[in-house]
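Student: For reference, the file entry_18.cif (mmCIF, C-alpha atoms) is included below:
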data_query
loop_
_atom_site.group_PDB
_atom_site.id
_atom_site.type_symbol
_atom_site.label_atom_id
_atom_site.label_comp_id
_atom_site.auth_asym_id
_atom_site.auth_seq_id
_atom_site.Cartn_x
_atom_site.Cartn_y
_atom_site.Cartn_z
ATOM 1 C CA MET N 287 63.881 145.102 110.077
ATOM 2 C CA LEU N 288 66.441 143.026 108.248
ATOM 3 C CA GLN N 289 67.023 144.004 104.644
ATOM 4 C CA SER N 290 67.396 141.307 102.023
ATOM 5 C CA LEU N 291 71.106 140.845 101.406
ATOM 6 C CA ASP N 292 70.925 139.133 98.014
ATOM 7 C CA LYS N 293 71.319 142.395 96.057
ATOM 8 C CA LEU N 294 74.471 143.499 97.879
ATOM 9 C CA ARG N 295 78.017 143.239 96.568
ATOM 10 C CA VAL N 296 80.386 142.735 99.515
ATOM 11 C CA LEU N 297 84.175 142.871 99.385
ATOM 12 C CA VAL N 298 85.823 140.717 102.077
ATOM 13 C CA ILE N 299 89.486 141.542 102.777
ATOM 14 C CA ASP N 300 91.680 139.472 105.074
ATOM 15 C CA ASP N 301 95.312 138.483 104.554
ATOM 16 C CA ASP N 302 94.726 135.265 106.517
ATOM 17 C CA ARG N 303 93.474 132.937 103.754
ATOM 18 C CA ALA N 304 91.454 130.665 106.048
ATOM 19 C CA ALA N 305 89.817 133.620 107.806
ATOM 20 C CA CYS N 306 89.053 135.259 104.449
ATOM 21 C CA MET N 307 87.472 132.067 103.103
ATOM 22 C CA PHE N 308 85.427 131.592 106.284
ATOM 23 C CA ALA N 309 84.161 135.206 106.282
ATOM 24 C CA ALA N 310 83.264 134.984 102.584
ATOM 25 C CA SER N 311 81.489 131.646 103.034
ATOM 26 C CA ALA N 312 79.546 132.907 106.051
ATOM 27 C CA THR N 313 78.628 136.073 104.126
ATOM 28 C CA ARG N 314 77.249 133.948 101.264
ATOM 29 C CA THR N 315 75.354 131.761 103.731
ATOM 30 C CA ALA N 316 73.879 134.942 105.245
ATOM 31 C CA GLY N 317 72.316 135.658 101.837
ATOM 32 C CA VAL N 318 74.834 137.785 99.939
ATOM 33 C CA LYS N 319 75.150 136.387 96.419
ATOM 34 C CA ASP N 320 77.950 138.651 95.190
ATOM 35 C CA VAL N 321 80.957 138.240 97.497
ATOM 36 C CA ILE N 322 84.403 139.344 96.330
ATOM 37 C CA LEU N 323 87.505 138.038 98.130
ATOM 38 C CA ALA N 324 90.819 139.803 98.588
ATOM 39 C CA GLU N 325 93.705 138.261 100.492
ATOM 40 C CA SER N 326 95.837 141.407 100.635
ATOM 41 C CA ILE N 327 95.419 145.138 101.045
ATOM 42 C CA ASP N 328 96.740 145.733 97.526
ATOM 43 C CA SER N 329 94.226 143.384 95.919
ATOM 44 C CA GLY N 330 91.512 144.797 98.197
ATOM 45 C CA LEU N 331 92.226 148.339 97.031
ATOM 46 C CA ARG N 332 92.297 147.225 93.399
ATOM 47 C CA LEU N 333 89.002 145.309 93.719
ATOM 48 C CA PHE N 334 87.428 148.228 95.605
ATOM 49 C CA ILE N 335 88.109 150.407 92.556
ATOM 50 C CA GLU N 336 87.312 147.809 89.881
ATOM 51 C CA LYS N 337 84.214 146.128 91.358
ATOM 52 C CA SER N 338 82.465 149.001 93.198
ATOM 53 C CA PRO N 339 81.196 146.971 96.155
ATOM 54 C CA ASP N 340 78.311 148.178 98.332
ATOM 55 C CA ILE N 341 80.022 147.256 101.617
ATOM 56 C CA ILE N 342 83.560 146.315 102.638
ATOM 57 C CA MET N 343 84.344 143.820 105.390
ATOM 58 C CA ALA N 344 88.030 144.143 106.305
ATOM 59 C CA SER N 345 90.191 142.585 108.992
ATOM 60 C CA TRP N 346 91.842 144.858 111.537
ATOM 61 C CA GLU N 347 94.813 142.486 111.888
ATOM 62 C CA MET N 348 96.235 142.677 108.338
ATOM 63 C CA LYS N 349 99.865 143.456 107.537
ATOM 64 C CA PRO N 350 101.689 145.633 106.516
ATOM 65 C CA ILE N 351 98.670 147.946 106.520
ATOM 66 C CA ASN N 352 95.897 147.109 108.966
ATOM 67 C CA GLY N 353 92.162 147.616 108.544
ATOM 68 C CA ILE N 354 92.300 151.076 110.129
ATOM 69 C CA GLU N 355 94.926 152.311 107.658
ATOM 70 C CA PHE N 356 92.973 150.688 104.827
ATOM 71 C CA THR N 357 89.862 152.596 105.933
ATOM 72 C CA ARG N 358 91.826 155.855 105.977
ATOM 73 C CA LYS N 359 92.982 155.153 102.398
ATOM 74 C CA ILE N 360 89.446 154.691 101.101
ATOM 75 C CA ARG N 361 88.207 157.735 103.030
ATOM 76 C CA ALA N 362 90.721 159.916 101.167
ATOM 77 C CA PRO N 363 89.235 162.766 99.079
ATOM 78 C CA ASN N 364 90.462 161.211 95.824
ATOM 79 C CA SER N 365 88.838 157.834 96.556
ATOM 80 C CA PRO N 366 86.237 156.704 93.991
ATOM 81 C CA ASN N 367 83.727 155.890 96.769
ATOM 82 C CA PHE N 368 84.923 157.378 100.039
ATOM 83 C CA ALA N 369 81.480 157.024 101.649
ATOM 84 C CA ILE N 370 81.307 153.213 101.346
ATOM 85 C CA PRO N 371 80.394 151.459 104.610
ATOM 86 C CA VAL N 372 83.317 149.606 106.205
ATOM 87 C CA VAL N 373 82.684 146.767 108.637
ATOM 88 C CA LEU N 374 85.881 145.992 110.533
ATOM 89 C CA MET N 375 86.405 142.366 111.618
ATOM 90 C CA VAL N 376 88.339 142.146 114.892
ATOM 91 C CA SER N 377 89.461 139.376 117.235
ATOM 92 C CA LEU N 378 89.777 141.465 120.372
ATOM 93 C CA VAL N 379 88.275 144.870 120.957
ATOM 94 C CA SER N 380 88.946 147.587 123.511
ATOM 95 C CA ILE N 381 87.573 151.066 124.115
ATOM 96 C CA GLN N 382 90.749 152.527 122.604
ATOM 97 C CA MET N 383 90.293 150.408 119.460
ATOM 98 C CA VAL N 384 86.689 151.531 119.106
ATOM 99 C CA ALA N 385 87.783 155.167 119.372
ATOM 100 C CA GLU N 386 90.587 154.672 116.837
ATOM 101 C CA ALA N 387 88.246 152.917 114.397
ATOM 102 C CA ARG N 388 85.565 155.574 114.836
ATOM 103 C CA ASP N 389 88.099 158.329 114.191
ATOM 104 C CA ALA N 390 89.326 156.543 111.043
ATOM 105 C CA GLY N 391 85.796 156.342 109.622
ATOM 106 C CA VAL N 392 84.891 152.696 110.301
ATOM 107 C CA THR N 393 81.129 152.173 110.090
ATOM 108 C CA GLU N 394 80.684 149.033 112.223
ATOM 109 C CA PHE N 395 82.525 146.246 114.045
ATOM 110 C CA LEU N 396 82.134 142.504 113.634
ATOM 111 C CA CYS N 397 83.827 140.656 116.504
ATOM 112 C CA ARG N 398 85.348 137.226 115.970
ATOM 113 C CA PRO N 399 84.228 134.558 116.408
ATOM 114 C CA PHE N 400 81.130 135.555 114.468
ATOM 115 C CA SER N 401 78.315 133.554 112.976
ATOM 116 C CA THR N 402 76.275 133.810 109.807
ATOM 117 C CA LYS N 403 73.528 135.434 111.892
ATOM 118 C CA HIS N 404 75.964 138.115 113.170
ATOM 119 C CA ILE N 405 77.029 138.898 109.601
ATOM 120 C CA ALA N 406 73.419 139.059 108.395
ATOM 121 C CA ILE N 407 72.433 141.436 111.186
ATOM 122 C CA ARG N 408 75.454 143.714 110.725
ATOM 123 C CA LEU N 409 75.234 143.901 106.907
ATOM 124 C CA SER N 410 71.483 144.376 106.940
ATOM 125 C CA SER N 411 71.810 147.140 109.516
ATOM 126 C CA VAL N 412 74.487 148.925 107.486
ATOM 127 C CA ALA N 413 72.504 148.575 104.249
ATOM 128 C CA SER N 414 69.065 149.499 105.586
ATOM 129 C CA ASN N 415 70.140 152.273 107.978
ATOM 130 C CA PRO N 416 72.859 154.197 106.151
ATOM 131 C CA ARG N 417 74.477 156.833 108.307
ATOM 132 C CA LYS N 418 74.948 160.344 107.011
ATOM 133 C CA PHE N 419 78.486 160.887 105.749
ATOM 134 C CA VAL N 420 80.610 163.677 107.187
ATOM 135 C CA GLY N 421 83.506 165.234 105.307
ATOM 136 C CA VAL N 422 85.414 167.951 107.138
ATOM 137 C CA PRO N 423 89.167 168.664 107.223
ATOM 138 C CA SER N 424 89.688 166.692 110.437
ATOM 139 C CA TYR N 425 87.352 163.738 109.721
ATOM 140 C CA ARG N 426 85.824 161.823 106.812
ATOM 141 C CA GLY N 427 83.425 159.023 107.609
ATOM 142 C CA PRO N 428 79.962 158.146 108.835
ATOM 143 C CA CYS N 429 78.319 160.507 111.278
ATOM 144 C CA ARG N 430 79.269 159.440 114.775
ATOM 145 C CA ARG N 431 75.850 160.240 116.183
ATOM 146 C CA ARG N 432 73.681 157.142 116.021
ATOM 147 C CA THR N 433 70.645 158.319 117.936
ATOM 148 C CA LYS N 434 68.614 161.453 118.313
ATOM 149 C CA SER N 435 68.742 162.924 121.789
ATOM 150 C CA PRO N 436 65.188 163.153 123.185
ATOM 151 C CA ASP N 437 66.078 166.158 125.356
ATOM 152 C CA TYR N 438 67.624 168.186 122.510
ATOM 153 C CA ALA N 439 65.312 170.895 121.116
ATOM 154 C CA GLY N 440 67.564 173.548 119.567
ATOM 155 C CA PRO N 441 69.403 174.076 116.281
ATOM 156 C CA PHE N 442 72.901 173.601 117.756
ATOM 157 C CA ARG N 443 74.137 170.358 119.301
ATOM 158 C CA ARG N 444 77.477 171.512 120.731
ATOM 159 C CA ALA N 445 78.143 174.085 123.429
ATOM 160 C CA ASP N 446 80.524 175.961 121.120
ATOM 161 C CA ASP N 447 78.200 175.941 118.054
ATOM 162 C CA LYS N 448 77.437 179.430 116.877
ATOM 163 C CA PRO N 449 74.857 180.666 114.399
ATOM 164 C CA LYS N 450 76.136 181.285 110.881
ATOM 165 C CA ALA N 451 76.353 184.957 110.032
#
Now that the file is in, can you turn its structure into structure tokens?
Tutor:
Amino acid sequence: MLQSLDKLRVLVIDDDRAACMFAASATRTAGVKDVILAESIDSGLRLFIEKSPDIIMASWEMKPINGIEFTRKIRAPNSPNFAIPVVLMVSLVSIQMVAEARDAGVTEFLCRPFSTKHIAIRLSSVASNPRKFVGVPSYRGPCRRRTKSPDYAGPFRRADDKPKA
């Protein structure tokens, strides 16, 4: 079920001005009333702290720091909201990119070219189905498990899981 997007505050970050304006406009058309634009990583980080958005949409292809490095910065332990959902906008995607984004703590992908409908579906999904956040020394980000395994019946999910003493 799609959640109403009009209560969300979304920060759109892309150092390509035209792409940033398009993504922000499409996000507004999708129903988000409070859209904040940032055309650089520095302004994106500043607005992330100042405006406390509900969701961040960031471009992978930014320079000098890309969307993956940006995600790692906001997943840092000293971040004011390290559990914020991050939707990464990408032009081309590969299995290696998906793995790198997952390992950095990216919540979802939005592949270009995208439409208003794609944005609405992705943002509504992120907002209405928040994933549990995991914070361990080797990873900080949304839980990587999206579904419950129907054939799993025990307390431990991994072969090397051991009961706590």
Student: Which residues come within 6 Å of Met343 (chain N), counting all atoms listed in the file, excluding same-chain residues fewer than 2 positions away, as a ChimeraX atom specification?
Tutor: /N:298,372-374
Student: So what do you get for CA of Ile407 (chain N) versus CA of Gly330 (chain N), distance-wise?
Tutor: 23.3 Å
Student: Give, as AutoDock Vina command-line options, the centre coordinates and the x, y and z edge lengths in Å to one decimal for an axis-aligned box around all listed atoms of region 392-404 of chain N, padded by 4 Å on each side.
Tutor:
--center_x 79.4 --center_y 143.1 --center_z 113.2 --size_x 19.8 --size_y 27.1 --size_z 14.7
Student: So which residues touch Ala387 (chain N) within 10 Å, counting all atoms listed in the file, skipping near sequence neighbours fewer than 4 positions away, as a PyMOL selection string?
Tutor: chain N and resi 346+353-355+357-358+374+381-383+391-395
Student: Just to confirm, what's the straight-line distance from CA of Pro428 (chain N) to CA of Pro416 (chain N) in Å (one decimal)?
Tutor: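 Between CA of Pro428 (chain N) and CA of Pro416 (chain N) the gap works out to 8.6 Å.
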Student: Report, in Å with one decimal, the straight-line distance from CA of Cys306 (chain N) to CA of Arg361 (chain N).
Tutor: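 Going from CA of Cys306 (chain N) over to CA of Arg361 (chain N) covers 22.5 Å.
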Student: Show which residues sit within 6 Å of Cys397 (chain N), as a list in words. Count only C-alpha atoms, and ignore same-chain residues fewer than 6 positions away.
Tutor: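 Contacts, in chain order: Met375, Val376 and Ser377 of chain N.
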Student: With C-alpha atoms kept, could you save the residues just selected as a compact mmCIF listing (two decimals), in the frame of the given file?
Tutor:
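This is the output file out-v6.txt:
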# COMPACT_ATOMS: atom_id res chain seq x y z
CA MET N 375 86.40 142.37 111.62
CA VAL N 376 88.34 142.15 114.89
CA SER N 377 89.46 139.38 117.24
Student: If the PyMOL selection byres ((chain N and resi 316) around 8) is run on the structure shown, which residues does it catch, given as a PDB file with C-alpha atoms, keeping the file's coordinate frame?
Tutor:
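Produced file selection01.pdb, reproduced below:
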ATOM      1  CA  LEU N 291      71.106 140.845 101.406  1.00  0.00           C
ATOM      2  CA  ALA N 312      79.546 132.907 106.051  1.00  0.00           C
ATOM      3  CA  THR N 313      78.628 136.073 104.126  1.00  0.00           C
ATOM      4  CA  ARG N 314      77.249 133.948 101.264  1.00  0.00           C
ATOM      5  CA  THR N 315      75.354 131.761 103.731  1.00  0.00           C
ATOM      6  CA  GLY N 317      72.316 135.658 101.837  1.00  0.00           C
ATOM      7  CA  VAL N 318      74.834 137.785  99.939  1.00  0.00           C
ATOM      8  CA  THR N 402      76.275 133.810 109.807  1.00  0.00           C
ATOM      9  CA  LYS N 403      73.528 135.434 111.892  1.00  0.00           C
ATOM     10  CA  ILE N 405      77.029 138.898 109.601  1.00  0.00           C
ATOM     11  CA  ALA N 406      73.419 139.059 108.395  1.00  0.00           C
TER      12      ALA N 406
END
Student: Could you tell me which residues the PyMOL selection byres ((chain N and resi 296) around 8) grabs in this file, written as a list in words?
Tutor: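 So the PyMOL selection byres ((chain N and resi 296) around 8), applied here, picks out Leu294, Arg295, Leu297, Val298, Val318, Asp320, Val321, Ile322, Pro339, Asp340, Ile341, Ile342 and Met343 of chain N.
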Student: Can you work out which one of N:Ser345, N:Ser338, N:Ser401, N:Asn364 has the shortest atom-to-atom distance to Leu378 (chain N), counting all atoms listed in the file?
Tutor: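 Result for the nearest residue to Leu378 (chain N): N:Ser345.
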Student: Can you pull out every residue within 12 Å of Pro366 (chain N), counting all atoms listed in the file, but drop anything in the same chain fewer than 6 positions away, and send it as an MDAnalysis selection string?
Tutor: chainID N and resid 331:339 359:360
Student: Given the choices N:Ala310, N:Ile327, N:Cys429, N:Ala362, which gets closest to Glu347 (chain N) if the distance is worked out from only C-alpha atoms?
Tutor: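 Among the listed residues, N:Ile327 lies closest to Glu347 (chain N).
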Student: Using N, CA and C atoms, give me region 387-429 of chain N from the structure I just pasted, as a compact mmCIF listing (two decimals), in the first residue's frame.
Tutor:
# COMPACT_ATOMS: atom_id res chain seq x y z
N ALA N 387 26.88 -0.67 -2.64
CA ALA N 387 25.87 0.20 -2.02
C ALA N 387 25.27 -0.46 -0.78
N ARG N 388 24.96 -1.73 -0.89
CA ARG N 388 24.42 -2.47 0.26
C ARG N 388 25.39 -2.43 1.43
N ASP N 389 26.67 -2.65 1.14
CA ASP N 389 27.68 -2.68 2.19
C ASP N 389 27.95 -1.30 2.80
N ALA N 390 27.61 -0.24 2.06
CA ALA N 390 27.77 1.12 2.57
C ALA N 390 26.56 1.57 3.39
N GLY N 391 25.46 0.83 3.30
CA GLY N 391 24.27 1.19 4.06
C GLY N 391 23.19 1.90 3.27
N VAL N 392 23.24 1.81 1.93
CA VAL N 392 22.19 2.39 1.09
C VAL N 392 20.91 1.59 1.30
N THR N 393 19.78 2.29 1.38
CA THR N 393 18.50 1.63 1.63
C THR N 393 17.87 1.11 0.35
N GLU N 394 17.85 1.94 -0.70
CA GLU N 394 17.21 1.58 -1.97
C GLU N 394 17.92 2.23 -3.14
N PHE N 395 17.62 1.74 -4.34
CA PHE N 395 18.11 2.31 -5.59
C PHE N 395 16.96 2.94 -6.35
N LEU N 396 17.27 3.97 -7.11
CA LEU N 396 16.34 4.57 -8.05
C LEU N 396 17.12 4.74 -9.34
N CYS N 397 16.81 3.93 -10.35
CA CYS N 397 17.58 3.93 -11.60
C CYS N 397 17.06 4.96 -12.58
N ARG N 398 17.99 5.74 -13.12
CA ARG N 398 17.66 6.72 -14.16
C ARG N 398 17.57 6.02 -15.51
N PRO N 399 16.70 6.44 -16.38
CA PRO N 399 15.71 7.50 -16.19
C PRO N 399 14.55 6.99 -15.34
N PHE N 400 14.09 7.82 -14.42
CA PHE N 400 12.98 7.44 -13.57
C PHE N 400 11.83 8.41 -13.79
N SER N 401 10.66 7.97 -13.39
CA SER N 401 9.46 8.79 -13.54
C SER N 401 8.94 9.18 -12.16
N THR N 402 7.95 10.04 -12.16
CA THR N 402 7.28 10.43 -10.93
C THR N 402 6.72 9.19 -10.22
N LYS N 403 6.16 8.27 -11.00
CA LYS N 403 5.60 7.05 -10.43
C LYS N 403 6.69 6.23 -9.74
N HIS N 404 7.88 6.11 -10.37
CA HIS N 404 8.98 5.37 -9.74
C HIS N 404 9.37 6.00 -8.41
N ILE N 405 9.46 7.32 -8.39
CA ILE N 405 9.81 8.02 -7.14
C ILE N 405 8.75 7.77 -6.08
N ALA N 406 7.48 7.90 -6.46
CA ALA N 406 6.39 7.70 -5.50
C ALA N 406 6.43 6.29 -4.91
N ILE N 407 6.64 5.31 -5.75
CA ILE N 407 6.69 3.92 -5.26
C ILE N 407 7.87 3.72 -4.32
N ARG N 408 9.05 4.20 -4.72
CA ARG N 408 10.25 3.99 -3.90
C ARG N 408 10.15 4.71 -2.56
N LEU N 409 9.75 5.99 -2.58
CA LEU N 409 9.65 6.75 -1.32
C LEU N 409 8.56 6.20 -0.41
N SER N 410 7.44 5.83 -1.00
CA SER N 410 6.36 5.26 -0.19
C SER N 410 6.79 3.94 0.44
N SER N 411 7.50 3.13 -0.32
CA SER N 411 7.99 1.86 0.20
C SER N 411 8.95 2.07 1.36
N VAL N 412 9.88 3.00 1.19
CA VAL N 412 10.86 3.29 2.24
C VAL N 412 10.17 3.83 3.49
N ALA N 413 9.18 4.71 3.30
CA ALA N 413 8.50 5.34 4.43
C ALA N 413 7.54 4.38 5.14
N SER N 414 6.84 3.54 4.39
CA SER N 414 5.83 2.69 5.01
C SER N 414 6.37 1.33 5.46
N ASN N 415 7.53 0.95 4.98
CA ASN N 415 8.13 -0.33 5.36
C ASN N 415 9.57 -0.12 5.84
N PRO N 416 9.74 0.62 6.93
CA PRO N 416 11.12 0.89 7.37
C PRO N 416 11.82 -0.41 7.75
N ARG N 417 13.06 -0.53 7.32
CA ARG N 417 13.84 -1.71 7.65
C ARG N 417 14.56 -1.49 8.97
N LYS N 418 14.67 -2.55 9.74
CA LYS N 418 15.39 -2.50 11.00
C LYS N 418 16.82 -2.03 10.72
N PHE N 419 17.36 -1.22 11.62
CA PHE N 419 18.70 -0.69 11.45
C PHE N 419 19.68 -1.55 12.22
N VAL N 420 20.82 -1.82 11.59
CA VAL N 420 21.86 -2.65 12.18
C VAL N 420 23.10 -1.80 12.41
N GLY N 421 23.64 -1.86 13.61
CA GLY N 421 24.87 -1.14 13.92
C GLY N 421 25.85 -2.05 14.62
N VAL N 422 26.79 -2.57 13.86
CA VAL N 422 27.84 -3.43 14.40
C VAL N 422 29.18 -2.86 13.92
N PRO N 423 30.30 -3.28 14.49
CA PRO N 423 31.58 -2.68 14.08
C PRO N 423 31.85 -2.73 12.57
N SER N 424 31.41 -3.77 11.90
CA SER N 424 31.74 -3.90 10.48
C SER N 424 30.66 -3.35 9.55
N TYR N 425 29.50 -2.94 10.08
CA TYR N 425 28.42 -2.47 9.21
C TYR N 425 27.43 -1.62 10.00
N ARG N 426 27.02 -0.51 9.39
CA ARG N 426 25.95 0.34 9.92
C ARG N 426 25.02 0.65 8.77
N GLY N 427 23.77 0.22 8.89
CA GLY N 427 22.81 0.50 7.83
C GLY N 427 21.57 -0.35 8.03
N PRO N 428 20.68 -0.29 7.04
CA PRO N 428 19.44 -1.08 7.14
C PRO N 428 19.75 -2.57 7.07
N CYS N 429 18.94 -3.33 7.76
CA CYS N 429 19.09 -4.79 7.73
C CYS N 429 19.04 -5.25 6.28
